[in-house]
Amino acid sequence: MKWTEKAWDRIVPIYEQIITMPFNQELLQGSLSKERFKFYMAQDAYYLGEFGKALSTISGRLRDLDQVLAFSQFASGAIVVERALHEGYFKTLGIPDQINPSPTCLLYTNYLLSKSAYSNVEVAVAAVLPCFWIYKKVGDHIYSQQETVKDNPYKNWIDTYAGEDFAKSVQHALEIADQLASQSSEKLQEEMLEAFEMATRLEWMFWDSAYKMEKWSI
Ligand SMILES: Cc1ncc(CN)c(N)n1
């Protein structure tokens, strides 16, 4: 069984909650409030910058040059392509003056930055994988339900994550994770699964915190 198959089996219960959570259900229906989506987009703009840095760090730590190149392309994809999506929405929703990360956003980004710098590089790759794979699965799921939805204002978001370009990056990231896992001990593979599960949990928390428009309590 491939490492990625084991990884998906492990997070199925979290994934099922991700697709049914209010944020994603309302995004699917197009009924999510502009206020909540704007909050999410602002937090996500901060997230993507830090995610891009984590991907660059991983790129510099990989040994195989094809993998180095792939991660450096993923980093520029996160910053250039995904940021363009945000800029489009910021034009219609209004650009926030300053983005201060919410508690969950800071927790998630710091988790990724710390894994990318201090864990085995195999574990670091596993930690960033949900950012690719979960978004692809959620994008595809929401896209597949759009026949009954008219003029969804979140169409560009849905099209980005259900699109071909993103699919190629996701497939490539999955292949790299399997290559690295196949050269790793059982113990290291288990650590990779734990990091993958933790980052999947943090994906759930990120959407939940956007729905609640999470604030610092002090
Ligand atoms: C929180 C989060 N996770 C993943 C993605 C998709 N790269 C994203 N835009 N935002």
# chains A, B, ... in the order shown; residues from 1 in each chain; ligands from 1

call {"tool": "residues_near_ligand", "arguments": {"ligand": "ligand 1", "cutoff": "7 Å", "atoms": "only C-alpha atoms and all ligand atoms", "output": "PyMOL selection string"}}
result
chain A and resi 44+47-48+78+82+131-132+135+203+206

call {"tool": "closest_atom_pairs", "arguments": {"of": "range 81-191 of chain A", "to": "range 55-63 of chain A", "cutoff": "12 Å", "atoms": "only C-alpha atoms", "output": "Markdown table"}}
result
| residue | atom | partner | partner_atom | distance |
| --- | --- | --- | --- | --- |
| A:Thr109 | CA | A:Leu55 | CA | 11.5 |
| A:Leu112 | CA | A:Leu55 | CA | 9.0 |
| A:Leu113 | CA | A:Thr57 | CA | 8.3 |
| A:Ser114 | CA | A:Thr57 | CA | 10.2 |
| A:Lys115 | CA | A:Ile58 | CA | 9.2 |
| A:Ser116 | CA | A:Ile58 | CA | 5.6 |
| A:Ala117 | CA | A:Thr57 | CA | 6.6 |
| A:Tyr118 | CA | A:Thr57 | CA | 10.2 |
| A:Ser119 | CA | A:Ile58 | CA | 10.1 |
| A:Asn120 | CA | A:Arg61 | CA | 9.2 |
| A:Val121 | CA | A:Ile58 | CA | 6.6 |
| A:Glu122 | CA | A:Leu62 | CA | 8.7 |
| A:Val123 | CA | A:Ile58 | CA | 10.1 |
| A:Ala124 | CA | A:Ile58 | CA | 6.9 |
| A:Val125 | CA | A:Ile58 | CA | 7.2 |
| A:Ala126 | CA | A:Ile58 | CA | 10.9 |
| A:Ala127 | CA | A:Leu55 | CA | 10.5 |
| A:Val128 | CA | A:Leu55 | CA | 7.8 |
| A:Leu129 | CA | A:Leu55 | CA | 10.5 |
| A:Cys131 | CA | A:Leu55 | CA | 10.9 |
| A:Phe132 | CA | A:Leu55 | CA | 11.6 |
| A:Ala173 | CA | A:Leu55 | CA | 11.1 |
| A:Ile176 | CA | A:Leu62 | CA | 10.5 |
| A:Ala177 | CA | A:Leu62 | CA | 11.6 |
| A:Gln179 | CA | A:Leu62 | CA | 12.0 |
| A:Leu180 | CA | A:Leu62 | CA | 9.8 |

call {"tool": "write_last_selection", "arguments": {"atoms": "N, CA and C atoms", "output": "PDB file, in the first residue's frame"}}
result
ATOM      1  N   THR A 109       0.305  28.451  10.454  1.00  0.00           N
ATOM      2  CA  THR A 109       1.493  28.856   9.695  1.00  0.00           C
ATOM      3  C   THR A 109       2.764  28.553  10.490  1.00  0.00           C
ATOM      4  N   LEU A 112       3.641  24.916  10.184  1.00  0.00           N
ATOM      5  CA  LEU A 112       4.292  24.576   8.905  1.00  0.00           C
ATOM      6  C   LEU A 112       5.733  25.094   8.845  1.00  0.00           C
ATOM      7  N   LEU A 113       5.933  26.325   9.325  1.00  0.00           N
ATOM      8  CA  LEU A 113       7.296  26.885   9.283  1.00  0.00           C
ATOM      9  C   LEU A 113       8.224  26.074  10.172  1.00  0.00           C
ATOM     10  N   SER A 114       7.721  25.674  11.342  1.00  0.00           N
ATOM     11  CA  SER A 114       8.577  24.918  12.255  1.00  0.00           C
ATOM     12  C   SER A 114       8.877  23.529  11.685  1.00  0.00           C
ATOM     13  N   LYS A 115       7.873  22.863  11.120  1.00  0.00           N
ATOM     14  CA  LYS A 115       8.129  21.539  10.513  1.00  0.00           C
ATOM     15  C   LYS A 115       9.118  21.668   9.361  1.00  0.00           C
ATOM     16  N   SER A 116       8.935  22.718   8.539  1.00  0.00           N
ATOM     17  CA  SER A 116       9.792  22.834   7.349  1.00  0.00           C
ATOM     18  C   SER A 116      11.252  23.059   7.737  1.00  0.00           C
ATOM     19  N   ALA A 117      11.471  23.733   8.884  1.00  0.00           N
ATOM     20  CA  ALA A 117      12.852  24.054   9.269  1.00  0.00           C
ATOM     21  C   ALA A 117      13.485  22.994  10.162  1.00  0.00           C
ATOM     22  N   TYR A 118      12.702  22.401  11.064  1.00  0.00           N
ATOM     23  CA  TYR A 118      13.328  21.587  12.129  1.00  0.00           C
ATOM     24  C   TYR A 118      13.032  20.101  12.081  1.00  0.00           C
ATOM     25  N   SER A 119      12.035  19.667  11.294  1.00  0.00           N
ATOM     26  CA  SER A 119      11.753  18.218  11.244  1.00  0.00           C
ATOM     27  C   SER A 119      12.533  17.590  10.101  1.00  0.00           C
ATOM     28  N   ASN A 120      12.543  16.270  10.059  1.00  0.00           N
ATOM     29  CA  ASN A 120      13.088  15.606   8.873  1.00  0.00           C
ATOM     30  C   ASN A 120      12.334  16.134   7.656  1.00  0.00           C
ATOM     31  N   VAL A 121      13.043  16.246   6.546  1.00  0.00           N
ATOM     32  CA  VAL A 121      12.401  16.856   5.370  1.00  0.00           C
ATOM     33  C   VAL A 121      11.196  16.019   4.899  1.00  0.00           C
ATOM     34  N   GLU A 122      11.244  14.704   5.118  1.00  0.00           N
ATOM     35  CA  GLU A 122      10.121  13.819   4.741  1.00  0.00           C
ATOM     36  C   GLU A 122       8.859  14.218   5.526  1.00  0.00           C
ATOM     37  N   VAL A 123       9.081  14.525   6.826  1.00  0.00           N
ATOM     38  CA  VAL A 123       7.961  14.921   7.695  1.00  0.00           C
ATOM     39  C   VAL A 123       7.454  16.301   7.264  1.00  0.00           C
ATOM     40  N   ALA A 124       8.384  17.163   6.894  1.00  0.00           N
ATOM     41  CA  ALA A 124       7.995  18.511   6.433  1.00  0.00           C
ATOM     42  C   ALA A 124       7.123  18.417   5.181  1.00  0.00           C
ATOM     43  N   VAL A 125       7.489  17.525   4.264  1.00  0.00           N
ATOM     44  CA  VAL A 125       6.685  17.352   3.036  1.00  0.00           C
ATOM     45  C   VAL A 125       5.289  16.834   3.401  1.00  0.00           C
ATOM     46  N   ALA A 126       5.235  15.890   4.337  1.00  0.00           N
ATOM     47  CA  ALA A 126       3.926  15.350   4.762  1.00  0.00           C
ATOM     48  C   ALA A 126       3.071  16.441   5.407  1.00  0.00           C
ATOM     49  N   ALA A 127       3.715  17.357   6.128  1.00  0.00           N
ATOM     50  CA  ALA A 127       2.972  18.421   6.816  1.00  0.00           C
ATOM     51  C   ALA A 127       2.341  19.410   5.829  1.00  0.00           C
ATOM     52  N   VAL A 128       3.009  19.662   4.694  1.00  0.00           N
ATOM     53  CA  VAL A 128       2.416  20.622   3.738  1.00  0.00           C
ATOM     54  C   VAL A 128       1.445  19.947   2.760  1.00  0.00           C
ATOM     55  N   LEU A 129       1.419  18.623   2.759  1.00  0.00           N
ATOM     56  CA  LEU A 129       0.586  17.924   1.771  1.00  0.00           C
ATOM     57  C   LEU A 129      -0.920  18.217   1.873  1.00  0.00           C
ATOM     58  N   CYS A 131      -2.346  20.924   2.433  1.00  0.00           N
ATOM     59  CA  CYS A 131      -2.603  22.219   1.769  1.00  0.00           C
ATOM     60  C   CYS A 131      -2.835  22.006   0.280  1.00  0.00           C
ATOM     61  N   PHE A 132      -2.249  20.972  -0.276  1.00  0.00           N
ATOM     62  CA  PHE A 132      -2.487  20.638  -1.682  1.00  0.00           C
ATOM     63  C   PHE A 132      -3.726  19.737  -1.791  1.00  0.00           C
ATOM     64  N   ALA A 173       3.067  16.679  -5.982  1.00  0.00           N
ATOM     65  CA  ALA A 173       3.388  16.676  -4.539  1.00  0.00           C
ATOM     66  C   ALA A 173       3.133  15.280  -3.941  1.00  0.00           C
ATOM     67  N   ILE A 176       5.966  12.934  -4.919  1.00  0.00           N
ATOM     68  CA  ILE A 176       7.184  13.192  -4.138  1.00  0.00           C
ATOM     69  C   ILE A 176       7.042  12.597  -2.732  1.00  0.00           C
ATOM     70  N   ALA A 177       5.867  12.776  -2.120  1.00  0.00           N
ATOM     71  CA  ALA A 177       5.659  12.215  -0.772  1.00  0.00           C
ATOM     72  C   ALA A 177       5.827  10.699  -0.812  1.00  0.00           C
ATOM     73  N   GLN A 179       7.600   8.949  -3.015  1.00  0.00           N
ATOM     74  CA  GLN A 179       9.028   8.630  -3.252  1.00  0.00           C
ATOM     75  C   GLN A 179       9.793   8.706  -1.945  1.00  0.00           C
ATOM     76  N   LEU A 180       9.582   9.790  -1.195  1.00  0.00           N
ATOM     77  CA  LEU A 180      10.323   9.975   0.064  1.00  0.00           C
ATOM     78  C   LEU A 180       9.949   8.887   1.071  1.00  0.00           C
TER      79      LEU A 180
END

call {"tool": "select_by_dssp", "arguments": {"residues": "range 32-87 of chain A", "states": "alpha helix (DSSP H)", "output": "number ranges by chain"}}
result
A: 34-61, 65-76, 82-87

call {"tool": "write_last_selection", "arguments": {"atoms": "C-alpha atoms", "output": "PDB file, in the first residue's frame"}}
result
ATOM      1  CA  LYS A  34     -19.274  38.312   2.071  1.00  0.00           C
ATOM      2  CA  GLU A  35     -18.029  39.294   5.509  1.00  0.00           C
ATOM      3  CA  ARG A  36     -16.955  35.755   6.352  1.00  0.00           C
ATOM      4  CA  PHE A  37     -15.403  35.188   2.933  1.00  0.00           C
ATOM      5  CA  LYS A  38     -13.466  38.452   3.158  1.00  0.00           C
ATOM      6  CA  PHE A  39     -12.177  37.448   6.606  1.00  0.00           C
ATOM      7  CA  TYR A  40     -11.132  34.069   5.194  1.00  0.00           C
ATOM      8  CA  MET A  41      -9.445  35.649   2.160  1.00  0.00           C
ATOM      9  CA  ALA A  42      -7.481  38.103   4.290  1.00  0.00           C
ATOM     10  CA  GLN A  43      -6.292  35.334   6.623  1.00  0.00           C
ATOM     11  CA  ASP A  44      -5.529  33.168   3.622  1.00  0.00           C
ATOM     12  CA  ALA A  45      -3.406  35.905   2.033  1.00  0.00           C
ATOM     13  CA  TYR A  46      -1.273  35.890   5.209  1.00  0.00           C
ATOM     14  CA  TYR A  47      -1.294  32.077   5.229  1.00  0.00           C
ATOM     15  CA  LEU A  48      -0.106  31.811   1.607  1.00  0.00           C
ATOM     16  CA  GLY A  49       2.902  34.049   2.210  1.00  0.00           C
ATOM     17  CA  GLU A  50       4.035  31.869   5.122  1.00  0.00           C
ATOM     18  CA  PHE A  51       3.137  28.679   3.247  1.00  0.00           C
ATOM     19  CA  GLY A  52       5.307  29.901   0.335  1.00  0.00           C
ATOM     20  CA  LYS A  53       8.220  30.412   2.753  1.00  0.00           C
ATOM     21  CA  ALA A  54       7.749  26.899   4.191  1.00  0.00           C
ATOM     22  CA  LEU A  55       7.780  25.448   0.661  1.00  0.00           C
ATOM     23  CA  SER A  56      10.990  27.352  -0.176  1.00  0.00           C
ATOM     24  CA  THR A  57      12.640  26.071   3.002  1.00  0.00           C
ATOM     25  CA  ILE A  58      11.668  22.504   2.103  1.00  0.00           C
ATOM     26  CA  SER A  59      12.967  23.045  -1.428  1.00  0.00           C
ATOM     27  CA  GLY A  60      16.392  23.978  -0.062  1.00  0.00           C
ATOM     28  CA  ARG A  61      16.486  20.892   2.186  1.00  0.00           C
ATOM     29  CA  LEU A  65      17.183  18.141  -7.770  1.00  0.00           C
ATOM     30  CA  ASP A  66      13.854  17.408  -9.488  1.00  0.00           C
ATOM     31  CA  GLN A  67      12.199  17.610  -6.072  1.00  0.00           C
ATOM     32  CA  VAL A  68      14.099  20.839  -5.259  1.00  0.00           C
ATOM     33  CA  LEU A  69      12.774  22.357  -8.475  1.00  0.00           C
ATOM     34  CA  ALA A  70       9.214  21.114  -7.872  1.00  0.00           C
ATOM     35  CA  PHE A  71       9.064  22.649  -4.393  1.00  0.00           C
ATOM     36  CA  SER A  72      10.493  25.924  -5.583  1.00  0.00           C
ATOM     37  CA  GLN A  73       7.769  25.998  -8.282  1.00  0.00           C
ATOM     38  CA  PHE A  74       5.116  25.180  -5.665  1.00  0.00           C
ATOM     39  CA  ALA A  75       6.397  28.119  -3.600  1.00  0.00           C
ATOM     40  CA  SER A  76       6.070  30.550  -6.482  1.00  0.00           C
ATOM     41  CA  GLU A  82      -3.041  31.886  -5.551  1.00  0.00           C
ATOM     42  CA  ARG A  83      -2.344  35.483  -4.533  1.00  0.00           C
ATOM     43  CA  ALA A  84      -3.807  36.668  -7.853  1.00  0.00           C
ATOM     44  CA  LEU A  85      -7.062  34.940  -6.856  1.00  0.00           C
ATOM     45  CA  HIS A  86      -7.072  36.935  -3.627  1.00  0.00           C
ATOM     46  CA  GLU A  87      -6.352  40.201  -5.402  1.00  0.00           C
TER      47      GLU A  87
END

call {"tool": "closest_residue", "arguments": {"among": "A:Gly139, A:Gly77, A:Gly163, A:Pro130", "to": "Ile11 in chain A", "atoms": "only C-alpha atoms"}}
result
A:Pro130

call {"tool": "closest_residue", "arguments": {"among": "A:Lys187, A:Arg10, A:Lys136, A:Lys150", "to": "Glu164 in chain A", "atoms": "only C-alpha atoms"}}
result
A:Lys136

call {"tool": "atom_distance", "arguments": {"atom1": "CA of Met21 in chain A", "atom2": "CA of Asp151 in chain A"}}
result
21.5 Å

call {"tool": "atom_distance", "arguments": {"atom1": "CA of Met1 in chain A", "atom2": "CA of Arg201 in chain A"}}
result
23.3 Å

call {"tool": "residues_around", "arguments": {"residues": "Ile18 in chain A", "least_positions_apart": "5", "cutoff": "9 Å", "atoms": "only C-alpha atoms", "output": "ChimeraX atom specification"}}
result
/A:13,23-24,134,138,203-204,207

call {"tool": "write_last_selection", "arguments": {"atoms": "C-alpha atoms", "output": "PDB file, in the first residue's frame"}}
result
ATOM      1  CA  PRO A  13     -13.048  11.116   9.369  1.00  0.00           C
ATOM      2  CA  PHE A  23     -18.097  27.343   5.796  1.00  0.00           C
ATOM      3  CA  ASN A  24     -17.746  24.843   2.954  1.00  0.00           C
ATOM      4  CA  ILE A 134      -7.394  18.633   0.906  1.00  0.00           C
ATOM      5  CA  VAL A 138     -12.725  20.066  -1.450  1.00  0.00           C
ATOM      6  CA  GLU A 203      -7.125  22.862   7.752  1.00  0.00           C
ATOM      7  CA  TRP A 204     -10.459  22.123   9.473  1.00  0.00           C
ATOM      8  CA  TRP A 207     -12.138  27.139   7.905  1.00  0.00           C
TER       9      TRP A 207
END
